[in-house]
>>> print(open('data_38.tsv').read())   # TSV, C-alpha atoms and all ligand atoms
chain	number	residue	atom	x	y	z
S	687	MET	CA	0.00	0.00	0.00
S	688	LYS	CA	1.00	3.64	-0.32
S	689	VAL	CA	0.96	5.46	2.99
S	690	GLY	CA	1.31	9.18	3.56
S	691	VAL	CA	2.74	10.28	6.89
S	692	CYS	CA	2.06	13.89	7.84
S	693	TYR	CA	4.63	15.23	10.26
S	694	SER	CA	6.75	18.13	11.26
S	695	ARG	CA	9.21	16.18	13.39
S	696	ILE	CA	10.40	12.63	13.02
S	697	ARG	CA	10.74	11.50	16.61
S	698	LYS	CA	11.47	7.94	17.73
S	699	ASP	CA	7.74	7.24	17.44
S	700	GLU	CA	7.54	8.27	13.79
S	701	LYS	CA	10.80	6.52	13.04
S	702	LEU	CA	9.49	3.25	14.44
S	703	LEU	CA	6.40	3.58	12.30
S	704	LEU	CA	8.26	4.55	9.13
S	705	ASN	CA	10.73	1.70	9.53
S	706	GLU	CA	7.96	-0.83	10.08
S	707	LEU	CA	6.11	0.37	6.98
S	708	ARG	CA	9.26	0.24	4.85
S	709	ASP	CA	10.33	-3.15	6.21
S	710	ARG	CA	7.03	-4.55	5.02
S	711	GLY	CA	7.59	-3.14	1.57
S	712	HIS	CA	4.99	-0.41	1.71
S	713	GLU	CA	5.57	2.79	-0.19
S	714	VAL	CA	5.88	5.75	2.15
S	715	GLU	CA	5.25	9.39	1.27
S	716	LYS	CA	6.67	11.63	3.97
S	717	ILE	CA	4.66	14.82	4.09
S	718	ASP	CA	6.35	17.63	6.02
S	719	VAL	CA	3.34	19.85	6.58
S	720	ARG	CA	5.56	22.89	7.13
S	721	LYS	CA	6.59	22.74	3.49
S	722	LEU	CA	3.12	22.55	1.94
S	723	THR	CA	0.41	24.98	1.08
S	724	PHE	CA	-3.05	23.51	1.10
S	725	ASP	CA	-5.42	24.63	-1.63
S	726	VAL	CA	-9.09	24.37	-0.71
S	727	ALA	CA	-9.97	23.37	-4.27
S	728	ASP	CA	-7.11	21.33	-5.67
S	729	THR	CA	-5.73	18.23	-4.04
S	730	HIS	CA	-2.09	18.72	-3.17
S	731	GLU	CA	0.05	16.36	-5.22
S	732	ALA	CA	1.58	14.88	-2.09
S	733	PHE	CA	-1.86	13.46	-1.28
S	734	GLU	CA	-2.49	11.93	-4.69
S	735	ASP	CA	-2.68	8.14	-5.02
S	736	LEU	CA	-2.36	7.51	-1.31
S	737	ASP	CA	-4.24	4.58	0.16
S	738	ILE	CA	-4.18	6.12	3.60
S	739	VAL	CA	-2.60	9.00	5.48
S	740	VAL	CA	-1.37	8.85	9.04
S	741	ASP	CA	-1.53	12.17	10.88
S	742	ARG	CA	1.53	12.52	13.09
S	743	CYS	CA	1.43	16.30	13.43
S	744	LEU	CA	2.80	17.35	16.75
S	745	ALA	CA	1.04	20.70	16.67
S	746	THR	CA	-2.64	20.31	17.43
S	747	SER	CA	-3.56	23.29	15.28
S	748	ARG	CA	-1.90	21.70	12.26
S	749	SER	CA	-3.40	18.30	12.95
S	750	LEU	CA	-6.88	19.79	12.94
S	751	TYR	CA	-6.44	21.35	9.50
S	752	VAL	CA	-4.46	18.54	7.92
S	753	THR	CA	-7.14	16.00	8.81
S	754	ARG	CA	-9.81	18.28	7.39
S	755	PHE	CA	-7.91	18.88	4.14
S	756	ALA	CA	-7.15	15.18	3.66
S	757	GLU	CA	-10.83	14.39	3.99
S	758	SER	CA	-11.71	17.10	1.52
S	759	TYR	CA	-9.15	15.61	-0.89
S	760	GLY	CA	-10.93	12.29	-0.51
S	761	VAL	CA	-7.98	10.52	1.11
S	762	PRO	CA	-8.67	8.38	4.18
S	763	ILE	CA	-6.75	9.75	7.16
S	764	VAL	CA	-6.13	8.32	10.59
S	765	ASN	CA	-7.27	9.65	12.76
S	766	SER	CA	-10.32	11.30	11.26
S	767	HIS	CA	-10.93	14.99	11.58
S	768	GLU	CA	-13.89	14.28	13.82
S	769	THR	CA	-11.69	12.31	16.22
S	770	ALA	CA	-8.94	14.92	16.16
S	771	ASP	CA	-11.45	17.66	16.84
S	772	VAL	CA	-12.84	15.97	19.92
S	773	CYS	CA	-9.49	14.81	21.27
S	774	ALA	CA	-7.68	18.09	20.69
S	775	ASP	CA	-9.85	19.88	23.22
S	776	LYS	CA	-10.20	18.66	26.78
S	777	ALA	CA	-13.70	20.10	27.17
S	778	LYS	CA	-14.95	18.32	24.03
S	779	ASN	CA	-13.13	15.19	25.14
S	780	SER	CA	-14.86	15.20	28.52
S	781	LEU	CA	-18.24	15.88	26.93
S	782	ALA	CA	-17.85	12.97	24.51
S	783	LEU	CA	-16.92	10.60	27.33
S	784	GLU	CA	-19.77	11.79	29.53
S	785	ASP	CA	-22.28	11.60	26.68
S	786	ALA	CA	-21.22	8.03	26.01
S	787	GLY	CA	-21.67	7.13	29.66
S	788	VAL	CA	-17.96	6.41	30.14
S	789	PRO	CA	-16.83	7.14	33.71
S	790	THR	CA	-14.79	10.34	33.58
S	791	PRO	CA	-13.78	12.84	36.29
S	792	ALA	CA	-16.42	15.43	37.18
S	793	THR	CA	-15.56	18.53	35.18
S	794	LYS	CA	-16.84	22.08	34.74
S	795	VAL	CA	-15.99	24.78	32.22
S	796	ALA	CA	-16.27	28.51	32.95
S	797	PHE	CA	-15.35	31.64	31.06
S	798	THR	CA	-14.58	34.17	33.75
S	799	LYS	CA	-12.46	34.27	36.88
S	800	GLU	CA	-15.58	34.62	38.98
S	801	THR	CA	-17.45	31.64	37.57
S	802	ALA	CA	-14.23	29.59	37.52
S	803	LEU	CA	-13.81	30.30	41.20
S	804	GLU	CA	-17.37	29.13	41.77
S	805	ALA	CA	-16.59	25.91	39.92
S	806	ILE	CA	-13.45	25.42	42.00
S	807	GLU	CA	-15.27	26.03	45.26
S	808	SER	CA	-18.00	23.61	44.21
S	809	PHE	CA	-15.40	20.84	43.96
S	810	GLY	CA	-13.57	21.94	47.10
S	811	TYR	CA	-9.83	21.50	47.63
S	812	PRO	CA	-7.79	20.05	46.14
S	813	CYS	CA	-9.10	20.24	42.62
S	814	VAL	CA	-7.44	20.54	39.25
S	815	ILE	CA	-7.33	23.16	36.51
S	816	LYS	CA	-6.05	22.35	33.02
S	817	PRO	CA	-5.69	24.21	29.74
S	818	VAL	CA	-8.24	22.93	27.20
S	819	VAL	CA	-5.49	22.56	24.61
S	820	GLY	CA	-2.10	21.20	25.59
S	821	SER	CA	-0.34	18.06	26.54
S	822	TRP	CA	2.44	16.44	28.54
S	823	GLY	CA	0.95	17.80	31.73
S	824	ARG	CA	1.97	21.36	30.93
S	825	LEU	CA	0.30	24.28	32.72
S	826	MET	CA	-1.88	22.02	34.79
S	827	ALA	CA	-2.40	23.02	38.40
S	828	LYS	CA	-3.56	21.21	41.49
S	829	ILE	CA	-5.30	23.83	43.57
S	830	ASP	CA	-5.03	23.37	47.31
S	831	SER	CA	-6.65	26.53	48.63
S	832	ARG	CA	-8.78	29.51	47.73
S	833	ASP	CA	-5.71	31.75	47.79
S	834	ALA	CA	-4.02	29.55	45.25
S	835	ALA	CA	-7.18	29.45	43.13
S	836	GLU	CA	-7.40	33.22	43.00
S	837	ALA	CA	-3.76	33.58	42.08
S	838	ILE	CA	-3.89	31.00	39.32
S	839	LEU	CA	-7.06	32.44	37.81
S	840	GLU	CA	-5.63	35.95	37.92
S	841	HIS	CA	-2.46	34.81	36.17
S	842	LYS	CA	-4.33	32.88	33.52
S	843	ALA	CA	-6.77	35.70	32.84
S	844	THR	CA	-4.00	38.28	32.61
S	845	LEU	CA	-1.12	36.44	30.99
S	846	GLY	CA	-2.79	33.75	28.99
S	847	HIS	CA	-3.57	33.28	25.37
S	848	TYR	CA	-7.36	33.41	24.80
S	849	GLU	CA	-7.68	29.67	25.23
S	850	HIS	CA	-6.55	30.09	28.83
S	851	LYS	CA	-9.66	32.11	29.47
S	852	VAL	CA	-11.61	28.93	29.02
S	853	PHE	CA	-11.26	27.52	32.50
S	854	TYR	CA	-11.42	23.75	32.66
S	855	VAL	CA	-11.89	22.70	36.27
S	856	GLN	CA	-11.92	19.11	37.45
S	857	GLU	CA	-12.36	17.13	40.62
S	858	TYR	CA	-9.13	15.76	42.01
S	859	VAL	CA	-9.13	12.00	41.60
S	860	ASP	CA	-7.57	10.23	44.56
S	861	LYS	CA	-5.57	7.70	42.59
S	862	PRO	CA	-2.68	5.45	43.50
S	863	ASP	CA	0.64	7.03	42.45
S	864	ARG	CA	0.09	6.07	38.85
S	865	ASP	CA	-2.11	6.33	35.81
S	866	ILE	CA	-2.67	4.00	32.88
S	867	ARG	CA	-2.08	4.47	29.16
S	868	VAL	CA	-3.68	2.04	26.74
S	869	LEU	CA	-2.85	2.16	23.05
S	870	ALA	CA	-5.81	0.92	21.05
S	871	THR	CA	-6.91	0.62	17.44
S	872	ASP	CA	-10.63	1.07	17.00
S	873	GLY	CA	-11.12	0.15	20.63
S	874	GLU	CA	-9.01	-3.01	20.51
S	875	PRO	CA	-6.07	-2.68	22.94
S	876	ILE	CA	-2.57	-3.21	21.54
S	877	ALA	CA	-0.88	-2.81	24.92
S	878	GLY	CA	-1.09	-0.91	28.17
S	879	MET	CA	1.33	0.54	30.68
S	880	VAL	CA	1.21	2.18	34.06
S	881	ARG	CA	3.14	5.36	34.66
S	882	SER	CA	4.14	5.88	38.27
S	883	SER	CA	5.50	8.89	40.08
S	884	ASP	CA	5.48	10.63	43.44
S	885	HIS	CA	4.27	13.74	41.64
S	886	TRP	CA	0.51	14.02	41.16
S	887	ILE	CA	1.08	14.40	37.40
S	888	THR	CA	2.24	10.84	36.95
S	889	ASN	CA	2.50	10.65	33.17
S	890	ALA	CA	4.98	13.36	32.34
S	891	ALA	CA	6.87	13.83	35.57
S	892	LYS	CA	10.63	13.67	35.77
S	893	GLY	CA	11.65	10.28	37.04
S	894	ALA	CA	8.28	8.71	36.27
S	895	THR	CA	8.62	4.98	35.75
S	896	THR	CA	6.64	2.72	33.48
S	897	ASP	CA	5.57	-0.88	33.67
S	898	VAL	CA	3.36	-3.15	31.67
S	899	PHE	CA	-0.36	-3.04	32.49
S	900	GLU	CA	-2.49	-6.11	31.80
S	901	LEU	CA	-6.02	-5.01	31.06
S	902	ASP	CA	-8.84	-6.70	32.93
S	903	GLU	CA	-12.35	-7.04	31.55
S	904	GLN	CA	-13.49	-3.70	32.92
S	905	ALA	CA	-10.55	-1.83	31.45
S	906	ARG	CA	-11.06	-3.51	28.07
S	907	ALA	CA	-14.72	-2.59	28.00
S	908	LEU	CA	-13.95	1.02	28.94
S	909	VAL	CA	-11.29	1.34	26.27
S	910	ALA	CA	-13.72	0.08	23.63
S	911	ARG	CA	-16.44	2.49	24.72
S	912	ALA	CA	-14.08	5.43	25.09
S	913	SER	CA	-12.71	4.83	21.60
S	914	GLU	CA	-16.16	4.68	20.13
S	915	ALA	CA	-17.11	7.89	21.94
S	916	VAL	CA	-14.54	9.83	19.92
S	917	GLY	CA	-15.04	8.08	16.59
S	918	GLY	CA	-12.40	5.35	16.89
S	919	GLY	CA	-8.94	5.23	15.36
S	920	LEU	CA	-5.41	4.85	16.70
S	921	LEU	CA	-5.77	6.26	20.17
S	922	GLY	CA	-4.00	6.66	23.48
S	923	ILE	CA	-6.62	6.19	26.16
S	924	ASP	CA	-5.66	7.42	29.63
S	925	LEU	CA	-7.29	5.98	32.71
S	926	MET	CA	-6.88	6.48	36.42
S	927	GLU	CA	-7.66	3.90	39.05
S	928	ILE	CA	-10.07	5.11	41.67
S	929	ALA	CA	-8.45	4.45	45.04
S	930	ASP	CA	-11.74	3.99	46.86
S	931	PRO	CA	-14.45	3.15	44.33
S	932	GLU	CA	-18.02	3.62	45.56
S	933	GLY	CA	-19.94	1.85	42.81
S	934	GLY	CA	-18.58	-0.80	40.50
S	935	ASP	CA	-16.33	1.56	38.56
S	936	ARG	CA	-12.69	0.98	39.35
S	937	TYR	CA	-11.42	3.22	36.56
S	938	THR	CA	-12.12	6.66	35.26
S	939	VAL	CA	-11.07	7.77	31.77
S	940	HIS	CA	-9.60	11.26	31.92
S	941	GLU	CA	-8.61	11.71	28.33
S	942	ILE	CA	-8.06	10.29	24.88
S	943	ASN	CA	-5.09	11.29	22.73
S	944	HIS	CA	-5.34	11.28	18.95
S	945	THR	CA	-1.70	11.65	17.87
S	946	VAL	CA	-0.49	9.12	20.34
S	947	GLU	CA	3.15	8.49	21.18
S	948	PHE	CA	4.26	4.90	21.55
S	949	LYS	CA	7.99	4.98	22.14
S	950	ALA	CA	7.62	4.75	25.92
S	951	LEU	CA	5.02	2.02	25.56
S	952	GLN	CA	7.30	0.02	23.28
S	953	GLU	CA	10.02	0.23	25.93
S	954	ALA	CA	7.62	-0.96	28.64
S	955	VAL	CA	6.03	-3.97	26.94
S	956	ASP	CA	7.11	-7.04	24.96
S	957	ILE	CA	4.58	-6.53	22.20
S	958	ASP	CA	5.69	-5.24	18.80
S	959	VAL	CA	3.80	-1.95	18.95
S	960	PRO	CA	4.59	-0.46	15.53
S	961	GLY	CA	3.96	-3.90	14.05
S	962	ALA	CA	0.48	-3.96	15.55
S	963	VAL	CA	-0.19	-0.41	14.31
S	964	VAL	CA	0.82	-1.34	10.78
S	965	ASP	CA	-1.27	-4.55	10.94
S	966	TRP	CA	-4.23	-2.32	11.68
S	967	LEU	CA	-3.39	0.12	8.87
S	968	GLU	CA	-3.14	-2.77	6.42
S	969	ALA	CA	-6.49	-4.15	7.52
S	970	LYS	CA	-8.03	-0.73	7.23
S	971	VAL	CA	-6.79	-0.21	3.69
S	972	ALA	CA	-7.90	-3.72	2.71
S	973	SER	CA	-11.40	-3.11	4.04
S	974	GLU	CA	-11.66	0.26	2.26
S	975	ALA	CA	-10.61	-1.44	-0.97
S	976	ALA	CA	-13.21	-4.17	-0.44
S	977	GLU	CA	-15.86	-1.52	0.09
S	978	VAL	CA	-14.91	0.24	-3.12
S	979	THR	CA	-15.07	-2.96	-5.20
S	980	SER	CA	-18.35	-4.06	-3.69
S	981	GLY	CA	-19.67	-0.56	-4.44
A	643	MET	CA	35.07	10.11	15.53
A	644	THR	CA	34.80	6.76	13.83
A	645	ASP	CA	33.97	6.69	10.19
A	646	ASP	CA	32.59	3.20	9.68
A	647	ALA	CA	29.66	2.39	7.46
A	648	ASP	CA	27.18	2.25	10.34
A	649	SER	CA	27.46	5.83	11.37
A	650	ASN	CA	27.49	9.33	10.04
A	651	VAL	CA	28.99	12.52	11.29
A	652	ALA	CA	27.63	16.00	10.95
A	653	GLU	CA	28.37	19.40	12.35
A	654	ASP	CA	26.28	20.67	15.22
A	655	PRO	CA	25.22	24.17	14.06
A	656	ILE	CA	25.20	25.46	17.63
A	657	THR	CA	28.54	24.26	18.94
A	658	GLY	CA	30.36	23.70	15.66
A	659	GLU	CA	31.48	20.29	16.93
A	660	GLU	CA	31.07	17.13	14.95
A	661	ILE	CA	28.54	14.68	16.29
A	662	GLU	CA	27.97	11.08	15.41
A	663	LEU	CA	24.63	10.01	14.01
A	664	PRO	CA	23.08	6.64	13.23
A	665	ALA	CA	23.50	5.37	9.66
A	666	ASP	CA	19.77	5.52	8.94
A	667	VAL	CA	19.06	9.17	9.84
A	668	GLU	CA	16.45	10.74	7.63
A	669	VAL	CA	15.13	14.16	6.78
A	670	GLY	CA	12.88	15.58	9.47
A	671	GLU	CA	14.42	13.47	12.18
A	672	ILE	CA	15.22	15.06	15.50
A	673	VAL	CA	18.54	14.10	17.05
A	674	ASP	CA	20.07	15.19	20.32
A	675	ASN	CA	23.58	16.47	20.74
A	676	PRO	CA	24.90	13.85	23.18
A	677	VAL	CA	26.87	16.45	25.12
A	678	THR	CA	24.69	19.55	25.21
A	679	GLY	CA	21.35	17.75	24.85
A	680	ALA	CA	20.24	20.32	22.27
A	681	GLU	CA	17.63	19.14	19.80
A	682	LEU	CA	18.73	19.26	16.18
A	683	GLU	CA	16.73	18.64	13.06
A	684	VAL	CA	18.13	16.77	10.09
A	685	VAL	CA	17.30	19.03	7.13
A	686	SER	CA	19.16	17.07	4.47
A	687	VAL	CA	20.99	13.77	4.34
A	688	ASP	CA	23.41	13.89	1.46
A	689	PRO	CA	25.40	15.53	2.93
A	690	ILE	CA	23.88	15.59	6.41
A	691	VAL	CA	22.93	19.09	7.48
A	692	LEU	CA	21.61	19.83	10.93
A	693	GLU	CA	19.70	22.86	12.13
A	694	GLU	CA	18.58	23.89	15.55
A	695	ALA	CA	15.16	22.24	16.01
A	696	PRO	CA	12.14	24.51	16.44
A	697	GLU	CA	11.25	25.34	20.01
A	698	LEU	CA	8.39	23.63	21.75
A	699	GLU	CA	5.06	25.37	21.26
A	700	GLU	CA	2.06	25.38	23.47
A	701	ASP	CA	-0.22	23.29	21.27
A	702	TRP	CA	2.32	20.53	20.81
A	703	GLY	CA	1.63	17.13	22.19
A	704	GLU	CA	-0.42	14.04	21.79
N	1001	LIG	N1	-8.39	15.12	37.92
N	1001	LIG	C1	-7.21	14.57	38.22
N	1001	LIG	N2	-6.96	14.08	39.45
N	1001	LIG	C2	-5.75	13.53	39.76
N	1001	LIG	N3	-4.74	13.42	38.91
N	1001	LIG	C3	-4.92	13.88	37.66
N	1001	LIG	C4	-6.17	14.48	37.25
N	1001	LIG	N4	-6.06	14.82	35.96
N	1001	LIG	C5	-4.83	14.48	35.56
N	1001	LIG	N5	-4.13	13.90	36.58
N	1001	LIG	C6	-2.74	13.42	36.50
N	1001	LIG	O1	-2.05	14.25	35.60
N	1001	LIG	C7	-1.60	13.54	34.46
N	1001	LIG	C8	-1.76	14.37	33.19
N	1001	LIG	O2	-3.12	14.66	32.98
N	1001	LIG	P1	-3.73	14.81	31.55
N	1001	LIG	O3	-3.56	13.52	30.81
N	1001	LIG	O4	-5.08	15.35	31.68
N	1001	LIG	O5	-2.75	15.90	30.92
N	1001	LIG	P2	-2.18	16.10	29.49
N	1001	LIG	O6	-1.35	17.30	29.55
N	1001	LIG	O7	-3.29	16.07	28.50
N	1001	LIG	O8	-1.28	14.80	29.26
N	1001	LIG	P3	-1.05	13.95	27.90
N	1001	LIG	O9	-1.67	14.67	26.76
N	1001	LIG	O10	0.43	13.86	27.79
N	1001	LIG	O11	-1.68	12.61	28.14
N	1001	LIG	C9	-2.41	12.26	34.47
N	1001	LIG	O12	-1.69	11.24	33.85
N	1001	LIG	C10	-2.65	12.02	35.94
N	1001	LIG	O13	-1.54	11.38	36.54
>>> encode(input="data_38.tsv", output="structure tokens", more="lines below")
Ligand SMILES: Nc1ncnc2c1ncn2[C@@H]1O[C@H](COP(=O)(O)OP(=O)(O)OP(=O)(O)O)[C@@H](O)[C@H]1O
Amino acid sequence: MKVGVCYSRIRKDEKLLLNELRDRGHEVEKIDVRKLTFDVADTHEAFEDLDIVVDRCLATSRSLYVTRFAESYGVPIVNSHETADVCADKAKNSLALEDAGVPTPATKVAFTKETALEAIESFGYPCVIKPVVGSWGRLMAKIDSRDAAEAILEHKATLGHYEHKVFYVQEYVDKPDRDIRVLATDGEPIAGMVRSSDHWITNAAKGATTDVFELDEQARALVARASEAVGGGLLGIDLMEIADPEGGDRYTVHEINHTVEFKALQEAVDIDVPGAVVDWLEAKVASEAAEVTSG
Amino acid sequence: MTDDADSNVAEDPITGEEIELPADVEVGEIVDNPVTGAELEVVSVDPIVLEEAPELEEDWGE
């Protein structure tokens, strides 16, 4: 098959994927999105004759447009624009999970310092505030007191880009010192890992350690439903374990990532992660081709 | 610096020093200077040219 890979940086993750595709004899078109201009009418030549495109844009803003253009050019892209759109924004992400009935931390969105403070006080302390767009745990705050809340809101309102004036406030989930990342393709887990740290942000903290996570039935079911809630695709689904579950839910899904990294996962597990991703891409292209022939 | 078939050398544009790179580096790839830790982007491969990689932006991530 002929696979386009949209990127602006080839990290270890992209390299693993490119090498796996080439090793299997697939033709690869590397598309550095910084070098292209996208015409709304004419399909860019880089996108011609591709069986599928994989969006590996590191910049969320680019990913959102690239997926939309690819779809307009009639080229299948993973993940879809719909999935990227939901996953790129934490508020939309939370809404999709909630709408699908997937357990997710209680969350409120407010647009002013005053209403954000109300949201914070309604959760009590500690609670968490996150930017709606962003990753790797950046600019997230655990708020321990009203004084801290006021200071953080003041800073965000004064210093922030407009997106920081969308205040995303969340209950603090009392989790063990770890969270879980599951890499899944259309809801089917490839592998999972736990990320442990003394810091409350366990996934991106310095000195965080990883280990393999074997999914139980409940985790599998949640991953499938969470994936479906955002339109499926190649996803990184992040779960936290609830230290003291009241009902039957032992996990809560806090977010789904649409341009998922897998280097760390590959180091933590014995499974051939890029191999599984390419298996899925091959199956996807084969099923699209079957659909075309059957009309 | 060794000059065997399995490795490449290129000049770090920041320090001016030569650094060793894997044989299979490709355009767009980000490599780290092993001493300074600086991120460098491979902008061409024949010959290998490195540039300082773009700085992290707020909307970058997964
Ligand atoms: N409500 C919460 N309560 C307790 N811990 C939390 C909460 N939300 C996030 N965390 C911790 O912070 C980490 C980062 O959170 P989150 O995934 O929302 O941020 P992110 O910046 O989108 O990260 P990434 O995109 O890299 O997955 C989680 O892995 C978890 O350890």
>>> interface_residues(input="data_38.tsv", of="chain S", to="chain A", cutoff="6 Å", atoms="only C-alpha atoms", output="PyMOL selection string")
chain S and resi 695-697+744-746+820-821+943+945-946
>>> write_last_selection(input="data_38.tsv", atoms="C-alpha atoms", output="PDB file, in the frame of the given file")
ATOM      1  CA  ARG S 695       9.210  16.180  13.390  1.00  0.00           C
ATOM      2  CA  ILE S 696      10.400  12.630  13.020  1.00  0.00           C
ATOM      3  CA  ARG S 697      10.740  11.500  16.610  1.00  0.00           C
ATOM      4  CA  LEU S 744       2.800  17.350  16.750  1.00  0.00           C
ATOM      5  CA  ALA S 745       1.040  20.700  16.670  1.00  0.00           C
ATOM      6  CA  THR S 746      -2.640  20.310  17.430  1.00  0.00           C
ATOM      7  CA  GLY S 820      -2.100  21.200  25.590  1.00  0.00           C
ATOM      8  CA  SER S 821      -0.340  18.060  26.540  1.00  0.00           C
ATOM      9  CA  ASN S 943      -5.090  11.290  22.730  1.00  0.00           C
ATOM     10  CA  THR S 945      -1.700  11.650  17.870  1.00  0.00           C
ATOM     11  CA  VAL S 946      -0.490   9.120  20.340  1.00  0.00           C
TER      12      VAL S 946
END
>>> residues_near_ligand(input="data_38.tsv", ligand="ligand LIG 1001 (chain N)", cutoff="8 Å", atoms="all atoms listed in the file", output="MDAnalysis selection string")
(chainID S and resid 776 791 813:814 816 819:826 856:861 863:866 881 886:890 922 924:926 940:943) or (chainID A and resid 703:704)
>>> write_last_selection(input="data_38.tsv", atoms="C-alpha atoms", output="compact mmCIF listing (two decimals), in the coordinates of the input")
# COMPACT_ATOMS: atom_id res chain seq x y z
CA LYS S 776 -10.20 18.66 26.78
CA PRO S 791 -13.78 12.84 36.29
CA CYS S 813 -9.10 20.24 42.62
CA VAL S 814 -7.44 20.54 39.25
CA LYS S 816 -6.05 22.35 33.02
CA VAL S 819 -5.49 22.56 24.61
CA GLY S 820 -2.10 21.20 25.59
CA SER S 821 -0.34 18.06 26.54
CA TRP S 822 2.44 16.44 28.54
CA GLY S 823 0.95 17.80 31.73
CA ARG S 824 1.97 21.36 30.93
CA LEU S 825 0.30 24.28 32.72
CA MET S 826 -1.88 22.02 34.79
CA GLN S 856 -11.92 19.11 37.45
CA GLU S 857 -12.36 17.13 40.62
CA TYR S 858 -9.13 15.76 42.01
CA VAL S 859 -9.13 12.00 41.60
CA ASP S 860 -7.57 10.23 44.56
CA LYS S 861 -5.57 7.70 42.59
CA ASP S 863 0.64 7.03 42.45
CA ARG S 864 0.09 6.07 38.85
CA ASP S 865 -2.11 6.33 35.81
CA ILE S 866 -2.67 4.00 32.88
CA ARG S 881 3.14 5.36 34.66
CA TRP S 886 0.51 14.02 41.16
CA ILE S 887 1.08 14.40 37.40
CA THR S 888 2.24 10.84 36.95
CA ASN S 889 2.50 10.65 33.17
CA ALA S 890 4.98 13.36 32.34
CA GLY S 922 -4.00 6.66 23.48
CA ASP S 924 -5.66 7.42 29.63
CA LEU S 925 -7.29 5.98 32.71
CA MET S 926 -6.88 6.48 36.42
CA HIS S 940 -9.60 11.26 31.92
CA GLU S 941 -8.61 11.71 28.33
CA ILE S 942 -8.06 10.29 24.88
CA ASN S 943 -5.09 11.29 22.73
CA GLY A 703 1.63 17.13 22.19
CA GLU A 704 -0.42 14.04 21.79
>>> atom_distance(input="data_38.tsv", atom1="CA of Asp897 in chain S", atom2="CA of Leu682 in chain A")
29.7 Å
>>> atom_distance(input="data_38.tsv", atom1="CA of Ile923 in chain S", atom2="CA of Gly690 in chain S")
24.1 Å
>>> atom_distance(input="data_38.tsv", atom1="CA of Ala843 in chain S", atom2="CA of Thr798 in chain S")
8.0 Å
>>> axis_aligned_box(input="data_38.tsv", around="range 815-827 of chain S", padding_each_side="6 Å", output="JSON")
{"center_x": -2.9, "center_y": 20.4, "center_z": 31.5, "size_x": 22.7, "size_y": 19.8, "size_z": 25.8}
>>> residues_around(input="data_38.tsv", residues="Leu869 in chain S", least_positions_apart="3", cutoff="9 Å", atoms="only C-alpha atoms", output="mmCIF file with C-alpha atoms, in the coordinates of the input")
data_model
loop_
_atom_site.group_PDB
_atom_site.id
_atom_site.type_symbol
_atom_site.label_atom_id
_atom_site.label_comp_id
_atom_site.auth_asym_id
_atom_site.auth_seq_id
_atom_site.Cartn_x
_atom_site.Cartn_y
_atom_site.Cartn_z
ATOM 1 C CA GLY S 873 -11.120 0.150 20.630
ATOM 2 C CA GLU S 874 -9.010 -3.010 20.510
ATOM 3 C CA PRO S 875 -6.070 -2.680 22.940
ATOM 4 C CA ILE S 876 -2.570 -3.210 21.540
ATOM 5 C CA ALA S 877 -0.880 -2.810 24.920
ATOM 6 C CA GLY S 878 -1.090 -0.910 28.170
ATOM 7 C CA MET S 879 1.330 0.540 30.680
ATOM 8 C CA LEU S 920 -5.410 4.850 16.700
ATOM 9 C CA LEU S 921 -5.770 6.260 20.170
ATOM 10 C CA GLY S 922 -4.000 6.660 23.480
ATOM 11 C CA ILE S 923 -6.620 6.190 26.160
ATOM 12 C CA ASP S 924 -5.660 7.420 29.630
ATOM 13 C CA VAL S 946 -0.490 9.120 20.340
ATOM 14 C CA GLU S 947 3.150 8.490 21.180
ATOM 15 C CA PHE S 948 4.260 4.900 21.550
ATOM 16 C CA LEU S 951 5.020 2.020 25.560
ATOM 17 C CA VAL S 959 3.800 -1.950 18.950
#
>>> closest_residue(input="data_38.tsv", among="S:Asp775, S:Asp935, S:Asp930, S:Asp737", to="Ala905 in chain S", atoms="all atoms listed in the file")
S:Asp935
>>> closest_residue(input="data_38.tsv", among="A:Val651, A:Thr678, A:Pro664, A:Thr657", to="Val691 in chain A", atoms="only C-alpha atoms")
A:Val651
>>> residues_around(input="data_38.tsv", residues="Tyr937 in chain S", least_positions_apart="6", cutoff="9 Å", atoms="all atoms listed in the file", output="PyMOL selection string")
chain S and resi 789-790+904-905+908+925-928+931
>>> residues_around(input="data_38.tsv", residues="Glu914 in chain S", least_positions_apart="6", cutoff="10 Å", atoms="only C-alpha atoms", output="list in words")
Thr769, Ala782, Leu783, Ala786, Asp872, Gly873 and Leu908 of chain S
>>> write_last_selection(input="data_38.tsv", atoms="C-alpha atoms", output="compact mmCIF listing (two decimals), keeping the file's coordinate frame")
# COMPACT_ATOMS: atom_id res chain seq x y z
CA THR S 769 -11.69 12.31 16.22
CA ALA S 782 -17.85 12.97 24.51
CA LEU S 783 -16.92 10.60 27.33
CA ALA S 786 -21.22 8.03 26.01
CA ASP S 872 -10.63 1.07 17.00
CA GLY S 873 -11.12 0.15 20.63
CA LEU S 908 -13.95 1.02 28.94
>>> residues_near_point(input="data_38.tsv", point="(-1.5, 18.1, -3.1)", cutoff="12 Å", atoms="only C-alpha atoms", output="list in words")
Gly690, Glu715, Ile717, Val719, Lys721, Leu722, Thr723, Phe724, Asp725, Val726, Ala727, Asp728, Thr729, His730, Glu731, Ala732, Phe733, Glu734, Asp735, Leu736, Val752, Phe755, Ala756, Ser758, Tyr759, Gly760 and Val761 of chain S
>>> closest_residue(input="data_38.tsv", among="S:Ala929, S:Ala834, S:Ile738, S:Val939", to="Pro762 in chain S", atoms="only C-alpha atoms")
S:Ile738
>>> residues_near_point(input="data_38.tsv", point="(7.4, -0.5, 17.2)", cutoff="9 Å", atoms="only C-alpha atoms", output="list in words")
Asp699, Lys701, Leu702, Leu703, Asn705, Glu706, Phe948, Lys949, Gln952, Ile957, Asp958, Val959, Pro960, Gly961, Ala962 and Val963 of chain S
